[in-house]
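Down below is the structure, laid out as structure tokens.
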Amino acid sequence: RTQIFVMPIDGGEAWQLTKHKENIQSFRISPDGKKIAFTSRDALSEEDKKKQKDKDDAVVVDEKFRMTHLWIFCMGCKKATRLTEGSFTVSDFRWSPDSKSIVYVSRPNTKVNESWNSDIWVVDLEDKKLKLLFKNPGPDSSPRWSPDGKSIAFASHPHSKTSTWYNKLHLIPADGGGARVLLEEFDLNFSSPIWSPDGKTIFWSTGERT
């Protein structure tokens, strides 16, 4: 199973840091260097393990999903704890500048054509509470903290069941509230926001024609 390894930046042998029961899909080190956030799929149930062993490979389409959830690995205690759990799947997570919260994208299942049905959530690492930051009928993606941690920029549009509309830049206070929509008249797509170090400018890439 894929795990997280570490090595000295000036060279030397790498060593294994995590011993998670399932593959680790993606990870990010906290700004203070004390924790690692990572995502991993839910483990197989005992029933599914037995079916695998018996080579009972019949599958009812869209009946079950192995969701991806968010975990935290403590560098000091060398232990992993789970942050999210439930009938949703997590992606595109980012640490807050103060290492106290994580913003992430959530959607109901792992189907590719359900990617439009996504929302922005924040989890506080101290009380482990999940907070819905932004929800609308269309897709919400690529949340990124401002350098001062006061705002979150993300891409979104309000049209459901489609990925062909142009996303617009949204700004929302990190502690919640109404989102401000920018680039309303800009006739190209907005993608992932990239904040300048001083927090005054947001860059992004976009496509022109084909």
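Residues in the structure tokens are numbered from 1 in each chain, the chains being A, B, ... in the order shown, and ligands are numbered from 1 in the order shown.
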
Segment 104-148 of chain A residues near segment 84-100 of chain A within 6 Å, closest pair each, using only C-alpha atoms, as CSV:
residue,atom,partner,partner_atom,distance
A:Tyr104,CA,A:Phe93,CA,4.1
A:Val105,CA,A:Ser91,CA,5.3
A:Ser106,CA,A:Val90,CA,4.8
A:Arg107,CA,A:Phe88,CA,5.6
A:Pro108,CA,A:Phe88,CA,4.4
A:Asn109,CA,A:Phe88,CA,5.5
A:Leu125,CA,A:Lys100,CA,5.7

Please report as JSON lines every residue of segment 11-122 of chain A lying within 6 Å of segment 138-149 of chain A, along with the nearest atom pair and their distance in Å (one decimal), using only C-alpha atoms.
{"residue": "A:Pro97", "atom": "CA", "partner": "A:Gly149", "partner_atom": "CA", "distance": 5.7}
{"residue": "A:Trp116", "atom": "CA", "partner": "A:Pro139", "partner_atom": "CA", "distance": 4.2}
{"residue": "A:Asn117", "atom": "CA", "partner": "A:Pro139", "partner_atom": "CA", "distance": 5.5}
{"residue": "A:Ser118", "atom": "CA", "partner": "A:Pro139", "partner_atom": "CA", "distance": 5.0}
{"residue": "A:Asp119", "atom": "CA", "partner": "A:Asp140", "partner_atom": "CA", "distance": 5.2}

Preceding selection exported with N, CA, C and O atoms as an mmCIF file, in the first residue's frame:
data_model
loop_
_atom_site.group_PDB
_atom_site.id
_atom_site.type_symbol
_atom_site.label_atom_id
_atom_site.label_comp_id
_atom_site.auth_asym_id
_atom_site.auth_seq_id
_atom_site.Cartn_x
_atom_site.Cartn_y
_atom_site.Cartn_z
ATOM 1 N N PRO A 97 -3.297 29.065 6.938
ATOM 2 C CA PRO A 97 -1.939 29.530 7.244
ATOM 3 C C PRO A 97 -1.508 29.294 8.692
ATOM 4 O O PRO A 97 -0.314 29.128 8.966
ATOM 5 N N TRP A 116 -19.961 17.855 -10.575
ATOM 6 C CA TRP A 116 -20.652 19.148 -10.509
ATOM 7 C C TRP A 116 -21.298 19.354 -9.136
ATOM 8 O O TRP A 116 -21.506 20.480 -8.700
ATOM 9 N N ASN A 117 -21.592 18.253 -8.439
ATOM 10 C CA ASN A 117 -22.373 18.313 -7.193
ATOM 11 C C ASN A 117 -21.449 18.441 -5.982
ATOM 12 O O ASN A 117 -21.452 17.613 -5.085
ATOM 13 N N SER A 118 -20.628 19.478 -5.976
ATOM 14 C CA SER A 118 -19.609 19.623 -4.935
ATOM 15 C C SER A 118 -19.811 20.912 -4.145
ATOM 16 O O SER A 118 -20.375 21.886 -4.652
ATOM 17 N N ASP A 119 -19.346 20.909 -2.901
ATOM 18 C CA ASP A 119 -19.469 22.057 -2.016
ATOM 19 C C ASP A 119 -18.169 22.266 -1.253
ATOM 20 O O ASP A 119 -17.313 21.375 -1.194
#

Problem - Close residues, Lys111 of chain A itself excluded, 9 Å, only C-alpha atoms, min 4 positions apart in chain, as a ChimeraX atom specification - result: /A:62,65,115

Can you write out the residues you just picked, keeping N, CA and C atoms, as an mmCIF file, in the first residue's frame?
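Writing the result to selection21.cif gives the following:
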data_model
loop_
_atom_site.group_PDB
_atom_site.id
_atom_site.type_symbol
_atom_site.label_atom_id
_atom_site.label_comp_id
_atom_site.auth_asym_id
_atom_site.auth_seq_id
_atom_site.Cartn_x
_atom_site.Cartn_y
_atom_site.Cartn_z
ATOM 1 N N ASP A 62 -23.363 1.473 -8.903
ATOM 2 C CA ASP A 62 -23.790 2.626 -8.103
ATOM 3 C C ASP A 62 -24.514 2.251 -6.810
ATOM 4 N N PHE A 65 -20.198 2.760 -2.686
ATOM 5 C CA PHE A 65 -19.039 3.582 -3.036
ATOM 6 C C PHE A 65 -18.018 3.504 -1.906
ATOM 7 N N SER A 115 -19.194 15.220 -10.365
ATOM 8 C CA SER A 115 -18.243 16.231 -9.898
ATOM 9 C C SER A 115 -18.877 17.625 -9.830
#

Name the residues in contact with Gly178 of chain A at a cut-off of 12 Å, using only C-alpha atoms, excluding same-chain residues fewer than 4 positions from it; report them as a PDB file with N, CA and C atoms, in the first residue's frame.
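See result_1.pdb below for the written result:
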ATOM      1  N   LEU A 133     -19.109  25.770   4.270  1.00  0.00           N
ATOM      2  CA  LEU A 133     -18.734  27.152   3.996  1.00  0.00           C
ATOM      3  C   LEU A 133     -19.509  27.724   2.815  1.00  0.00           C
ATOM      4  N   PHE A 134     -19.692  26.917   1.755  1.00  0.00           N
ATOM      5  CA  PHE A 134     -20.406  27.419   0.578  1.00  0.00           C
ATOM      6  C   PHE A 134     -21.089  26.272  -0.141  1.00  0.00           C
ATOM      7  N   LYS A 135     -22.353  26.498  -0.502  1.00  0.00           N
ATOM      8  CA  LYS A 135     -23.143  25.486  -1.212  1.00  0.00           C
ATOM      9  C   LYS A 135     -23.998  26.188  -2.243  1.00  0.00           C
ATOM     10  N   ASN A 136     -24.029  25.629  -3.445  1.00  0.00           N
ATOM     11  CA  ASN A 136     -24.968  26.106  -4.461  1.00  0.00           C
ATOM     12  C   ASN A 136     -25.238  24.953  -5.426  1.00  0.00           C
ATOM     13  N   SER A 151      -9.649  35.061   4.242  1.00  0.00           N
ATOM     14  CA  SER A 151     -10.553  34.815   3.110  1.00  0.00           C
ATOM     15  C   SER A 151     -10.183  33.510   2.408  1.00  0.00           C
ATOM     16  N   ILE A 152     -11.151  32.987   1.679  1.00  0.00           N
ATOM     17  CA  ILE A 152     -10.924  31.802   0.843  1.00  0.00           C
ATOM     18  C   ILE A 152     -11.437  32.117  -0.554  1.00  0.00           C
ATOM     19  N   HIS A 170     -14.847  33.338  -6.800  1.00  0.00           N
ATOM     20  CA  HIS A 170     -15.631  33.671  -5.616  1.00  0.00           C
ATOM     21  C   HIS A 170     -14.687  33.937  -4.447  1.00  0.00           C
ATOM     22  N   LEU A 171     -15.039  34.912  -3.621  1.00  0.00           N
ATOM     23  CA  LEU A 171     -14.310  35.201  -2.384  1.00  0.00           C
ATOM     24  C   LEU A 171     -15.293  35.126  -1.224  1.00  0.00           C
ATOM     25  N   ILE A 172     -14.897  34.423  -0.159  1.00  0.00           N
ATOM     26  CA  ILE A 172     -15.782  34.274   0.992  1.00  0.00           C
ATOM     27  C   ILE A 172     -14.953  34.405   2.265  1.00  0.00           C
ATOM     28  N   PRO A 173     -15.484  35.041   3.321  1.00  0.00           N
ATOM     29  CA  PRO A 173     -14.757  35.094   4.588  1.00  0.00           C
ATOM     30  C   PRO A 173     -14.493  33.684   5.113  1.00  0.00           C
ATOM     31  N   ALA A 174     -13.333  33.450   5.658  1.00  0.00           N
ATOM     32  CA  ALA A 174     -12.962  32.110   6.124  1.00  0.00           C
ATOM     33  C   ALA A 174     -13.850  31.629   7.263  1.00  0.00           C
TER      34      ALA A 174
END

Exercise for the section: Please run DSSP on the backbone and report, as a PyMOL selection string, all residues within segment 70-200 of chain A that come out as strand (DSSP E or B). Expected result: chain A and resi 70-74+79-82+89-95+101-107+119-124+130-134+140-145+151-156+168-173+180-182+194-195

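The spacing separating atom CA of Asn23 of chain A from atom CA of Ile194 of chain A amounts to 28.8 Å.
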
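Between Val123 of chain A and the candidates A:Ala37, A:Gly177, A:Trp204, A:Lys51, the tightest atom-to-atom separation, counting only C-alpha atoms, involves A:Ala37.
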
Practice task
Considering only C-alpha atoms, return as number ranges by chain whatever protein or nucleic-acid residues lie within 9 Å of Asn167 of chain A, sequence-local ones (same chain, fewer than 2 positions apart) excluded.
Solution key: A: 139-140, 155-158, 163-165, 169, 188-191

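What separates atom CA of Lys150 of chain A from atom CA of Ala80 of chain A is a distance of 28.0 Å.
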